[in-house]
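Novice: Just passing along the structure, written as structure tokens.
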Amino acid sequence: MSTSHRDSERVPILGPLRGEVKVYQAMSVHQVSLGGMQVETVFPLHVDSLHDFRLTLRERSIVVKGRVAHSRIVDVDQDLVMYHSGIEFIEPSGPVLDAITELVEELKSLKR
């Protein structure tokens, strides 16, 4: 692509510049509360790391920021290691908290 097609000029980097890309990976949610959740993944989550978690609740999808409170291996198979991690929700917005509250209340009513 020629520079005439760009809105702004690209400038070469003279030294190292590190970056990261956020990629959503599949996980299973095993427990949920107003303050957090327990998730199962096939990859480790580092304690105290922060992540955005996308949850699909019926017809809507929410994103909630969470801190990994603990993580441990729960199963080892030939080709697969499974991890359970406790996630603490970090300052969920009003609409996100409302959606989580609705889910928790619905799950409680099914338990009765």
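Ordered as shown in the structure tokens, chains take letters A, B, and onward, while each chain numbers its residues from 1 and ligands are numbered from 1 in the order shown.
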Could you give me, as a PyMOL selection string, the residues within 9 Å of range 17-33 of chain A, counting only C-alpha atoms and dropping anything in the same chain fewer than 4 positions from it?
Specialist: chain A and resi 13+37-42+52-55+84+100-101+103-104
Novice: Restricting the output to C-alpha atoms, write the selected residues as an mmCIF file, in the first residue's frame.
Specialist:
data_model
loop_
_atom_site.group_PDB
_atom_site.id
_atom_site.type_symbol
_atom_site.label_atom_id
_atom_site.label_comp_id
_atom_site.auth_asym_id
_atom_site.auth_seq_id
_atom_site.Cartn_x
_atom_site.Cartn_y
_atom_site.Cartn_z
ATOM 1 C CA ILE A 13 10.763 2.708 15.245
ATOM 2 C CA MET A 37 -16.833 -15.896 39.508
ATOM 3 C CA GLN A 38 -14.957 -19.165 39.194
ATOM 4 C CA VAL A 39 -13.826 -19.997 35.668
ATOM 5 C CA GLU A 40 -12.275 -23.030 34.018
ATOM 6 C CA THR A 41 -9.670 -22.548 31.286
ATOM 7 C CA VAL A 42 -7.140 -24.625 29.375
ATOM 8 C CA ASP A 52 -11.645 -8.191 30.525
ATOM 9 C CA PHE A 53 -14.127 -11.075 30.567
ATOM 10 C CA ARG A 54 -16.910 -11.218 27.997
ATOM 11 C CA LEU A 55 -19.978 -13.097 29.237
ATOM 12 C CA HIS A 84 -9.834 -23.225 37.879
ATOM 13 C CA ILE A 100 -24.942 -10.042 36.837
ATOM 14 C CA THR A 101 -27.497 -9.444 39.610
ATOM 15 C CA LEU A 103 -28.303 -13.788 36.471
ATOM 16 C CA VAL A 104 -27.499 -14.545 40.129
#
Novice: Please list as a PyMOL selection string every residue within 8 Å of range 58-66 of chain A, counting only C-alpha atoms and excluding residues in the same chain fewer than 5 positions away.
Specialist: chain A and resi 36+50-53+87-92+96+99
Novice: For Pro44 in chain A, list every protein, DNA or RNA residue within 12 Å, evaluated using only C-alpha atoms, and leave out those in the same chain fewer than 4 positions away; present the list as JSON, numbers by chain.
Specialist: {"A": [25, 27, 39, 40, 49, 68, 70, 71, 72, 73, 74, 80, 81, 82, 83, 84, 85, 86]}
Novice: Please, could you write that set of residues out with C-alpha atoms as a PDB file, in the first residue's frame?
Specialist:
ATOM      1  CA  GLN A  25     -10.255 -17.292  24.658  1.00  0.00           C
ATOM      2  CA  MET A  27     -13.708 -20.464  29.142  1.00  0.00           C
ATOM      3  CA  VAL A  39     -13.826 -19.997  35.668  1.00  0.00           C
ATOM      4  CA  GLU A  40     -12.275 -23.030  34.018  1.00  0.00           C
ATOM      5  CA  SER A  49      -3.471 -10.060  36.669  1.00  0.00           C
ATOM      6  CA  VAL A  68      -7.387 -13.172  39.244  1.00  0.00           C
ATOM      7  CA  HIS A  70      -6.334 -17.507  42.773  1.00  0.00           C
ATOM      8  CA  SER A  71      -5.656 -20.164  40.162  1.00  0.00           C
ATOM      9  CA  ARG A  72      -4.870 -23.873  40.324  1.00  0.00           C
ATOM     10  CA  ILE A  73      -4.579 -26.944  38.135  1.00  0.00           C
ATOM     11  CA  VAL A  74      -7.632 -29.189  38.519  1.00  0.00           C
ATOM     12  CA  LEU A  80      -4.699 -30.970  28.173  1.00  0.00           C
ATOM     13  CA  VAL A  81      -4.297 -29.179  31.499  1.00  0.00           C
ATOM     14  CA  MET A  82      -7.404 -27.617  33.077  1.00  0.00           C
ATOM     15  CA  TYR A  83      -7.263 -24.656  35.459  1.00  0.00           C
ATOM     16  CA  HIS A  84      -9.834 -23.225  37.879  1.00  0.00           C
ATOM     17  CA  SER A  85      -9.388 -19.548  38.681  1.00  0.00           C
ATOM     18  CA  GLY A  86     -11.233 -17.265  41.072  1.00  0.00           C
TER      19      GLY A  86
END
Novice: Could you tell me how far CA of Gly35 in chain A sits from CA of Leu57 in chain A, in Å to one decimal place?
Specialist: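 One can read the CA of Leu57 in chain A to CA of Gly35 in chain A distance as 16.6 Å.
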Novice: Can you list, as an NGL selection string, every residue of chain A that DSSP puts in alpha helix (DSSP H)?
Specialist: :A and (94-111)
Novice: What does the structure give for the distance between CA of Arg67 in chain A and CA of Pro95 in chain A, in Å to one decimal?
Specialist: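 About the pair CA of Arg67 in chain A and CA of Pro95 in chain A: they are 19.3 Å apart.
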Novice: Pick the closest to Phe43 in chain A from A:Ser109, A:Thr56, A:Val76, A:Leu97: which is it, counting only C-alpha atoms?
Specialist: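 Closest residue, counting only C-alpha atoms: A:Val76.
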Novice: Suppose you want the space between CA of Gly94 in chain A and CA of Leu34 in chain A; what is it in Å?
Specialist: 12.0 Å
